[in-house]
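Coordinates as given in query.pdb (PDB, C-alpha atoms, pLDDT in the B column):
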```
MODEL        1
ATOM      1  CA  MET A 240      18.004  15.326 -15.801  1.00 70.00           C
ATOM      2  CA  ALA A 241      14.791  13.697 -17.016  1.00 82.00           C
ATOM      3  CA  ALA A 242      14.814  10.405 -18.892  1.00 89.00           C
ATOM      4  CA  PRO A 243      14.462  10.726 -22.692  1.00 92.00           C
ATOM      5  CA  LEU A 244      11.082   8.986 -22.516  1.00 91.00           C
ATOM      6  CA  VAL A 245       9.832  11.561 -20.013  1.00 93.00           C
ATOM      7  CA  GLU A 246      11.098  14.416 -22.146  1.00 94.00           C
ATOM      8  CA  ARG A 247       9.338  13.005 -25.237  1.00 95.00           C
ATOM      9  CA  LEU A 248       6.088  12.452 -23.363  1.00 95.00           C
ATOM     10  CA  LEU A 249       6.124  15.932 -21.816  1.00 93.00           C
ATOM     11  CA  LYS A 250       6.742  17.466 -25.229  1.00 95.00           C
ATOM     12  CA  SER A 251       3.928  15.375 -26.737  1.00 94.00           C
ATOM     13  CA  ILE A 252       1.551  16.415 -23.961  1.00 95.00           C
ATOM     14  CA  GLU A 253       2.405  20.075 -24.503  1.00 95.00           C
ATOM     15  CA  MET A 254       2.134  19.943 -28.308  1.00 95.00           C
ATOM     16  CA  GLU A 255      -0.957  17.737 -28.672  1.00 93.00           C
ATOM     17  CA  SER A 256      -4.203  19.556 -29.448  1.00 94.00           C
ATOM     18  CA  ASP A 257      -6.446  16.464 -29.336  1.00 95.00           C
ATOM     19  CA  ARG A 258      -7.519  15.965 -25.701  1.00 95.00           C
ATOM     20  CA  ALA A 259      -7.820  12.200 -26.055  1.00 95.00           C
ATOM     21  CA  LYS A 260      -4.324  11.834 -27.545  1.00 96.00           C
ATOM     22  CA  GLN A 261      -2.982  14.153 -24.854  1.00 97.00           C
ATOM     23  CA  ALA A 262      -4.633  11.947 -22.218  1.00 97.00           C
ATOM     24  CA  GLU A 263      -2.945   8.880 -23.705  1.00 97.00           C
ATOM     25  CA  HIS A 264       0.450  10.556 -23.326  1.00 97.00           C
ATOM     26  CA  ILE A 265      -0.404  11.534 -19.747  1.00 97.00           C
ATOM     27  CA  ALA A 266      -1.369   7.928 -18.996  1.00 98.00           C
ATOM     28  CA  LEU A 267       1.926   6.695 -20.433  1.00 97.00           C
ATOM     29  CA  LEU A 268       3.801   9.219 -18.306  1.00 97.00           C
ATOM     30  CA  ALA A 269       1.882   8.011 -15.249  1.00 98.00           C
ATOM     31  CA  CYS A 270       2.834   4.416 -16.127  1.00 97.00           C
ATOM     32  CA  TYR A 271       6.480   5.478 -16.160  1.00 97.00           C
ATOM     33  CA  GLU A 272       6.044   7.255 -12.836  1.00 97.00           C
ATOM     34  CA  ALA A 273       4.487   4.152 -11.277  1.00 97.00           C
ATOM     35  CA  ARG A 274       7.399   2.091 -12.604  1.00 96.00           C
ATOM     36  CA  VAL A 275      10.033   4.339 -11.037  1.00 96.00           C
ATOM     37  CA  GLY A 276       8.229   4.768  -7.714  1.00 95.00           C
ATOM     38  CA  CYS A 277       6.663   8.215  -8.129  1.00 96.00           C
ATOM     39  CA  PHE A 278       3.394   6.817  -6.826  1.00 97.00           C
ATOM     40  CA  ASP A 279       1.769  10.083  -5.750  1.00 97.00           C
ATOM     41  CA  ALA A 280       2.318  11.705  -9.152  1.00 97.00           C
ATOM     42  CA  ALA A 281       1.046   8.598 -10.942  1.00 98.00           C
ATOM     43  CA  GLU A 282      -2.021   8.420  -8.710  1.00 97.00           C
ATOM     44  CA  ALA A 283      -2.863  12.104  -9.238  1.00 98.00           C
ATOM     45  CA  LYS A 284      -2.757  11.584 -13.003  1.00 98.00           C
ATOM     46  CA  ARG A 285      -4.825   8.414 -12.738  1.00 97.00           C
ATOM     47  CA  LEU A 286      -7.546  10.144 -10.723  1.00 97.00           C
ATOM     48  CA  GLN A 287      -7.703  13.072 -13.157  1.00 97.00           C
ATOM     49  CA  LEU A 288      -7.844  10.767 -16.176  1.00 96.00           C
ATOM     50  CA  ARG A 289     -10.582   8.671 -14.556  1.00 95.00           C
ATOM     51  CA  ARG A 290     -12.579  11.852 -13.901  1.00 95.00           C
ATOM     52  CA  ASP A 291     -12.180  13.171 -17.442  1.00 94.00           C
ATOM     53  CA  PHE A 292     -12.143   9.960 -19.493  1.00 94.00           C
ATOM     54  CA  GLY A 293     -13.593   7.223 -17.279  1.00 85.00           C
ATOM     55  CA  SER A 294     -16.830   6.871 -19.234  1.00 86.00           C
ATOM     56  CA  GLY A 295     -15.518   4.031 -21.398  1.00 85.00           C
ATOM     57  CA  HIS A 296     -15.967   6.050 -24.590  1.00 92.00           C
ATOM     58  CA  PHE A 297     -12.196   6.182 -25.073  1.00 95.00           C
ATOM     59  CA  PRO A 298     -10.998   2.558 -25.259  1.00 95.00           C
ATOM     60  CA  ARG A 299      -7.291   3.370 -25.608  1.00 96.00           C
ATOM     61  CA  ILE A 300      -7.391   5.545 -22.493  1.00 97.00           C
ATOM     62  CA  SER A 301      -9.353   2.900 -20.602  1.00 96.00           C
ATOM     63  CA  ILE A 302      -6.755   0.271 -21.516  1.00 97.00           C
ATOM     64  CA  LEU A 303      -3.897   2.561 -20.485  1.00 98.00           C
ATOM     65  CA  LEU A 304      -5.640   3.295 -17.185  1.00 97.00           C
ATOM     66  CA  MET A 305      -5.932  -0.412 -16.510  1.00 97.00           C
ATOM     67  CA  CYS A 306      -2.260  -0.808 -17.354  1.00 98.00           C
ATOM     68  CA  LEU A 307      -1.403   2.043 -14.988  1.00 98.00           C
ATOM     69  CA  GLU A 308      -3.484   0.530 -12.195  1.00 97.00           C
ATOM     70  CA  ALA A 309      -1.737  -2.803 -12.686  1.00 98.00           C
ATOM     71  CA  LEU A 310       1.682  -1.149 -12.529  1.00 98.00           C
ATOM     72  CA  GLN A 311       0.700   0.733  -9.380  1.00 98.00           C
ATOM     73  CA  LEU A 312      -0.419  -2.516  -7.754  1.00 97.00           C
ATOM     74  CA  TYR A 313       2.724  -4.313  -8.895  1.00 97.00           C
ATOM     75  CA  PHE A 314       5.426  -1.802  -8.081  1.00 96.00           C
ATOM     76  CA  ARG A 315       3.885  -0.371  -4.923  1.00 95.00           C
ATOM     77  CA  GLN A 316       2.599  -3.552  -3.297  1.00 92.00           C
ATOM     78  CA  LEU A 317       3.742  -6.527  -5.415  1.00 90.00           C
ATOM     79  CA  SER A 318       0.048  -7.370  -5.368  1.00 92.00           C
ATOM     80  CA  PRO A 319      -1.111 -10.541  -7.117  1.00 87.00           C
ATOM     81  CA  LYS A 320      -4.021  -8.440  -8.410  1.00 95.00           C
ATOM     82  CA  ALA A 321      -1.563  -6.661 -10.713  1.00 97.00           C
ATOM     83  CA  ARG A 322      -1.343  -9.597 -13.099  1.00 97.00           C
ATOM     84  CA  ASP A 323      -5.110  -9.920 -13.290  1.00 97.00           C
ATOM     85  CA  ARG A 324      -5.525  -6.208 -14.041  1.00 97.00           C
ATOM     86  CA  MET A 325      -2.813  -6.283 -16.719  1.00 98.00           C
ATOM     87  CA  HIS A 326      -4.304  -9.443 -18.221  1.00 97.00           C
ATOM     88  CA  ARG A 327      -7.685  -7.702 -18.502  1.00 97.00           C
ATOM     89  CA  ALA A 328      -6.033  -4.721 -20.213  1.00 97.00           C
ATOM     90  CA  ASN A 329      -4.366  -7.162 -22.597  1.00 97.00           C
ATOM     91  CA  LEU A 330      -7.636  -8.932 -23.392  1.00 97.00           C
ATOM     92  CA  ILE A 331      -9.418  -5.665 -24.101  1.00 96.00           C
ATOM     93  CA  SER A 332      -6.505  -4.559 -26.285  1.00 97.00           C
ATOM     94  CA  ASP A 333      -6.909  -7.728 -28.316  1.00 96.00           C
ATOM     95  CA  LEU A 334     -10.680  -7.383 -28.557  1.00 96.00           C
ATOM     96  CA  MET A 335     -10.382  -3.772 -29.694  1.00 95.00           C
ATOM     97  CA  ARG A 336      -7.582  -4.699 -32.122  1.00 95.00           C
ATOM     98  CA  GLU A 337      -5.253  -2.210 -30.461  1.00 96.00           C
ATOM     99  CA  VAL A 338      -2.050  -4.026 -31.395  1.00 96.00           C
ATOM    100  CA  GLN A 339       0.261  -1.351 -29.965  1.00 96.00           C
ATOM    101  CA  LEU A 340      -1.426  -1.599 -26.578  1.00 97.00           C
ATOM    102  CA  GLY A 341      -1.545  -5.373 -26.937  1.00 97.00           C
ATOM    103  CA  ALA A 342       2.232  -5.395 -27.307  1.00 97.00           C
ATOM    104  CA  LEU A 343       2.661  -3.084 -24.313  1.00 97.00           C
ATOM    105  CA  THR A 344       0.425  -5.117 -22.032  1.00 98.00           C
ATOM    106  CA  SER A 345       1.928  -8.410 -23.223  1.00 97.00           C
ATOM    107  CA  ALA A 346       5.407  -7.105 -22.425  1.00 97.00           C
ATOM    108  CA  TRP A 347       4.317  -6.169 -18.920  1.00 97.00           C
ATOM    109  CA  LEU A 348       2.604  -9.534 -18.460  1.00 97.00           C
ATOM    110  CA  ALA A 349       5.863 -11.219 -19.472  1.00 97.00           C
ATOM    111  CA  HIS A 350       7.718  -9.129 -16.879  1.00 96.00           C
ATOM    112  CA  ILE A 351       5.223 -10.024 -14.160  1.00 96.00           C
ATOM    113  CA  ASP A 352       5.232 -13.704 -15.154  1.00 96.00           C
ATOM    114  CA  PHE A 353       9.033 -13.810 -15.101  1.00 96.00           C
ATOM    115  CA  ASN A 354       9.063 -12.513 -11.545  1.00 93.00           C
ATOM    116  CA  LEU A 355       6.371 -15.027 -10.577  1.00 92.00           C
ATOM    117  CA  GLY A 356       8.486 -17.842 -12.024  1.00 94.00           C
ATOM    118  CA  SER A 357       5.835 -18.575 -14.674  1.00 95.00           C
ATOM    119  CA  TYR A 358       8.309 -19.008 -17.492  1.00 97.00           C
ATOM    120  CA  GLU A 359       5.999 -20.757 -19.947  1.00 97.00           C
ATOM    121  CA  SER A 360       3.457 -17.944 -19.644  1.00 96.00           C
ATOM    122  CA  MET A 361       6.280 -15.414 -19.894  1.00 97.00           C
ATOM    123  CA  ALA A 362       7.455 -16.953 -23.164  1.00 97.00           C
ATOM    124  CA  THR A 363       3.904 -16.962 -24.532  1.00 97.00           C
ATOM    125  CA  GLN A 364       3.467 -13.277 -23.671  1.00 97.00           C
ATOM    126  CA  LEU A 365       6.836 -12.351 -25.180  1.00 96.00           C
ATOM    127  CA  SER A 366       5.917 -14.161 -28.378  1.00 96.00           C
ATOM    128  CA  LYS A 367       2.593 -12.306 -28.498  1.00 95.00           C
ATOM    129  CA  CYS A 368       4.365  -9.008 -27.860  1.00 96.00           C
ATOM    130  CA  PHE A 369       6.747  -9.586 -30.752  1.00 95.00           C
ATOM    131  CA  GLN A 370       3.863 -10.557 -33.045  1.00 94.00           C
ATOM    132  CA  ASP A 371       2.010  -7.346 -32.134  1.00 90.00           C
ATOM    133  CA  LEU A 372       5.079  -5.221 -32.743  1.00 89.00           C
TER     134      LEU A 372
ENDMDL
END
```
Is it possible to express this structure as structure tokens?
Amino acid sequence: MAAPLVERLLKSIEMESDRAKQAEHIALLACYEARVGCFDAAEAKRLQLRRDFGSGHFPRISILLMCLEALQLYFRQLSPKARDRMHRANLISDLMREVQLGALTSAWLAHIDFNLGSYESMATQLSKCFQDL
């Protein structure tokens, strides 16, 4: 049985007629897959999205791709580069005034900071996440 989030994303992908919105849902699904360890599926989606939307003309997709790459680095390798990549996604979210993506990336930064023992930074990111929500 698929998780409710997966079911909602798959339905959204199927129903969406706007290619850019559909790509956003695919990126979110890939983020979920990276989180649960389905690295090959997440990577296949990332490569396809980079091919189709990697020009930078779609800021929301670019931010989600950066988020996905950070999650892949974090959950596959526990790489210290994950925090840097997520932080960059967060900064771009803020610059583009994408508050929903700002909240998402702040939440992930808080998660990463918690596991790094950076509790002050974690609290700052959680506060920012709640403000963006």
Open item on the list: Using Å and a single decimal, report how far CA of Asn329 (chain A) sits from CA of Ile351 (chain A).
Closed with: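 CA of Asn329 (chain A) lies at a distance of 13.1 Å from CA of Ile351 (chain A).
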- [ ] Considering all atoms listed in the file, state which residue in the set A:Leu317, A:Leu248, A:Leu334, A:Ala309 is at the smallest distance from Leu355 (chain A).
- [x] A:Leu317
- [ ] Could you check which of A:Ala342, A:Ala273, A:Ala349, A:Leu304 is closest to Cys368 (chain A), using all atoms listed in the file?
- [x] A:Ala342
Task: Selected residue of minimal separation from Pro319 (chain A) among A:Leu340, A:Leu348, A:Met254, A:Leu288, counting all atoms listed in the file - done: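 Smallest distance to Pro319 (chain A) is found for A:Leu348.
CA of Met335 (chain A) sits 7.8 Å away from CA of Pro298 (chain A).
The gap separating CA of Ser332 (chain A) from CA of Arg258 (chain A) is 20.6 Å, in Å to one decimal.
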- [ ] Could you tell me which residues the PyMOL selection byres ((chain A and resi 361) around 12) returns for this structure, as an NGL selection string?
- [x] :A and (322 or 345-360 or 362-368)
Task: Residue with smallest distance to Ala269 (chain A) - pool A:Ile302, A:Leu312, A:Leu307, A:Met240, counting only C-alpha atoms - done: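 Closest candidate: A:Leu307.
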- [ ] Tell me which residues the PyMOL selection byres ((chain A and resi 259) around 12) grabs here, as an MDAnalysis selection string.
- [x] chainID A and resid 252 255:258 260:266 288 291:293 296:301 303
Task: Selected residue, from A:Met305, A:Val338, A:Cys270, A:Met325, that lies nearest to Asp371 (chain A) when counting all atoms listed in the file - done: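 Closest to Asp371 (chain A) of all the choices is A:Val338.
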Open item on the list: Restricting the calculation to only C-alpha atoms: of A:Val275, A:Ala242, A:Glu308, A:Arg315, which residue gets closest to Arg289 (chain A)?
Closed with: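 Counting only C-alpha atoms, the residue closest to Arg289 (chain A) is A:Glu308.
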Open item on the list: For the provided coordinates, the residues matched by the PyMOL selection byres ((chain A and resi 282) around 9) should be stated as a count of residues only.
Closed with: 15
Is it possible to dump region 252-283 of chain A as a PDB file, in the first residue's frame, including just N, CA and C atoms?
```
ATOM      1  N   ILE A 252       0.039  14.279 -10.519  1.00  0.00           N
ATOM      2  CA  ILE A 252       0.863  14.152 -11.725  1.00  0.00           C
ATOM      3  C   ILE A 252      -0.007  13.736 -12.902  1.00  0.00           C
ATOM      4  N   GLU A 253      -0.883  12.781 -12.663  1.00  0.00           N
ATOM      5  CA  GLU A 253      -1.763  12.263 -13.715  1.00  0.00           C
ATOM      6  C   GLU A 253      -2.763  13.316 -14.182  1.00  0.00           C
ATOM      7  N   MET A 254      -3.301  14.104 -13.260  1.00  0.00           N
ATOM      8  CA  MET A 254      -4.380  15.039 -13.574  1.00  0.00           C
ATOM      9  C   MET A 254      -3.880  16.393 -14.096  1.00  0.00           C
ATOM     10  N   GLU A 255      -2.655  16.747 -13.794  1.00  0.00           N
ATOM     11  CA  GLU A 255      -2.143  18.081 -14.125  1.00  0.00           C
ATOM     12  C   GLU A 255      -1.874  18.221 -15.616  1.00  0.00           C
ATOM     13  N   SER A 256      -2.388  19.284 -16.210  1.00  0.00           N
ATOM     14  CA  SER A 256      -2.166  19.533 -17.637  1.00  0.00           C
ATOM     15  C   SER A 256      -0.988  20.481 -17.878  1.00  0.00           C
ATOM     16  N   ASP A 257      -0.653  21.291 -16.894  1.00  0.00           N
ATOM     17  CA  ASP A 257       0.484  22.211 -16.992  1.00  0.00           C
ATOM     18  C   ASP A 257       1.776  21.421 -16.728  1.00  0.00           C
ATOM     19  N   ARG A 258       2.667  21.402 -17.718  1.00  0.00           N
ATOM     20  CA  ARG A 258       3.899  20.607 -17.607  1.00  0.00           C
ATOM     21  C   ARG A 258       4.778  21.050 -16.438  1.00  0.00           C
ATOM     22  N   ALA A 259       4.835  22.343 -16.192  1.00  0.00           N
ATOM     23  CA  ALA A 259       5.667  22.840 -15.101  1.00  0.00           C
ATOM     24  C   ALA A 259       5.103  22.406 -13.742  1.00  0.00           C
ATOM     25  N   LYS A 260       3.805  22.519 -13.571  1.00  0.00           N
ATOM     26  CA  LYS A 260       3.174  22.067 -12.314  1.00  0.00           C
ATOM     27  C   LYS A 260       3.344  20.558 -12.147  1.00  0.00           C
ATOM     28  N   GLN A 261       3.189  19.830 -13.239  1.00  0.00           N
ATOM     29  CA  GLN A 261       3.387  18.382 -13.206  1.00  0.00           C
ATOM     30  C   GLN A 261       4.824  18.063 -12.775  1.00  0.00           C
ATOM     31  N   ALA A 262       5.777  18.811 -13.297  1.00  0.00           N
ATOM     32  CA  ALA A 262       7.184  18.601 -12.940  1.00  0.00           C
ATOM     33  C   ALA A 262       7.426  18.876 -11.455  1.00  0.00           C
ATOM     34  N   GLU A 263       6.741  19.868 -10.914  1.00  0.00           N
ATOM     35  CA  GLU A 263       6.869  20.146  -9.478  1.00  0.00           C
ATOM     36  C   GLU A 263       6.403  18.947  -8.654  1.00  0.00           C
ATOM     37  N   HIS A 264       5.288  18.352  -9.058  1.00  0.00           N
ATOM     38  CA  HIS A 264       4.774  17.182  -8.338  1.00  0.00           C
ATOM     39  C   HIS A 264       5.734  15.997  -8.474  1.00  0.00           C
ATOM     40  N   ILE A 265       6.327  15.845  -9.648  1.00  0.00           N
ATOM     41  CA  ILE A 265       7.306  14.777  -9.854  1.00  0.00           C
ATOM     42  C   ILE A 265       8.520  15.002  -8.951  1.00  0.00           C
ATOM     43  N   ALA A 266       8.968  16.247  -8.856  1.00  0.00           N
ATOM     44  CA  ALA A 266      10.107  16.560  -7.992  1.00  0.00           C
ATOM     45  C   ALA A 266       9.791  16.262  -6.528  1.00  0.00           C
ATOM     46  N   LEU A 267       8.580  16.591  -6.103  1.00  0.00           N
ATOM     47  CA  LEU A 267       8.181  16.285  -4.728  1.00  0.00           C
ATOM     48  C   LEU A 267       8.125  14.775  -4.487  1.00  0.00           C
ATOM     49  N   LEU A 268       7.649  14.040  -5.474  1.00  0.00           N
ATOM     50  CA  LEU A 268       7.634  12.582  -5.360  1.00  0.00           C
ATOM     51  C   LEU A 268       9.060  12.050  -5.264  1.00  0.00           C
ATOM     52  N   ALA A 269       9.957  12.605  -6.062  1.00  0.00           N
ATOM     53  CA  ALA A 269      11.361  12.183  -6.021  1.00  0.00           C
ATOM     54  C   ALA A 269      11.986  12.508  -4.663  1.00  0.00           C
ATOM     55  N   CYS A 270      11.605  13.647  -4.076  1.00  0.00           N
ATOM     56  CA  CYS A 270      12.092  13.986  -2.732  1.00  0.00           C
ATOM     57  C   CYS A 270      11.646  12.926  -1.723  1.00  0.00           C
ATOM     58  N   TYR A 271      10.399  12.514  -1.831  1.00  0.00           N
ATOM     59  CA  TYR A 271       9.888  11.457  -0.953  1.00  0.00           C
ATOM     60  C   TYR A 271      10.673  10.162  -1.170  1.00  0.00           C
ATOM     61  N   GLU A 272      10.908   9.829  -2.433  1.00  0.00           N
ATOM     62  CA  GLU A 272      11.643   8.601  -2.733  1.00  0.00           C
ATOM     63  C   GLU A 272      13.061   8.650  -2.171  1.00  0.00           C
ATOM     64  N   ALA A 273      13.711   9.791  -2.271  1.00  0.00           N
ATOM     65  CA  ALA A 273      15.054   9.927  -1.693  1.00  0.00           C
ATOM     66  C   ALA A 273      14.996   9.737  -0.179  1.00  0.00           C
ATOM     67  N   ARG A 274      13.949  10.287   0.437  1.00  0.00           N
ATOM     68  CA  ARG A 274      13.798  10.194   1.891  1.00  0.00           C
ATOM     69  C   ARG A 274      13.609   8.765   2.366  1.00  0.00           C
ATOM     70  N   VAL A 275      12.910   7.951   1.589  1.00  0.00           N
ATOM     71  CA  VAL A 275      12.633   6.578   2.018  1.00  0.00           C
ATOM     72  C   VAL A 275      13.619   5.557   1.439  1.00  0.00           C
ATOM     73  N   GLY A 276      14.633   6.043   0.718  1.00  0.00           N
ATOM     74  CA  GLY A 276      15.683   5.142   0.250  1.00  0.00           C
ATOM     75  C   GLY A 276      15.499   4.572  -1.136  1.00  0.00           C
ATOM     76  N   CYS A 277      14.536   5.061  -1.884  1.00  0.00           N
ATOM     77  CA  CYS A 277      14.350   4.623  -3.280  1.00  0.00           C
ATOM     78  C   CYS A 277      15.230   5.496  -4.169  1.00  0.00           C
ATOM     79  N   PHE A 278      16.534   5.335  -4.014  1.00  0.00           N
ATOM     80  CA  PHE A 278      17.489   6.250  -4.635  1.00  0.00           C
ATOM     81  C   PHE A 278      17.499   6.173  -6.157  1.00  0.00           C
ATOM     82  N   ASP A 279      17.349   4.982  -6.711  1.00  0.00           N
ATOM     83  CA  ASP A 279      17.373   4.850  -8.169  1.00  0.00           C
ATOM     84  C   ASP A 279      16.175   5.550  -8.810  1.00  0.00           C
ATOM     85  N   ALA A 280      15.008   5.385  -8.213  1.00  0.00           N
ATOM     86  CA  ALA A 280      13.803   6.045  -8.737  1.00  0.00           C
ATOM     87  C   ALA A 280      13.934   7.562  -8.625  1.00  0.00           C
ATOM     88  N   ALA A 281      14.439   8.027  -7.483  1.00  0.00           N
ATOM     89  CA  ALA A 281      14.619   9.468  -7.289  1.00  0.00           C
ATOM     90  C   ALA A 281      15.628  10.024  -8.287  1.00  0.00           C
ATOM     91  N   GLU A 282      16.706   9.298  -8.506  1.00  0.00           N
ATOM     92  CA  GLU A 282      17.738   9.765  -9.434  1.00  0.00           C
ATOM     93  C   GLU A 282      17.223   9.806 -10.869  1.00  0.00           C
ATOM     94  N   ALA A 283      16.438   8.817 -11.268  1.00  0.00           N
ATOM     95  CA  ALA A 283      15.877   8.803 -12.623  1.00  0.00           C
ATOM     96  C   ALA A 283      14.987  10.029 -12.837  1.00  0.00           C
TER      97      ALA A 283
END
```
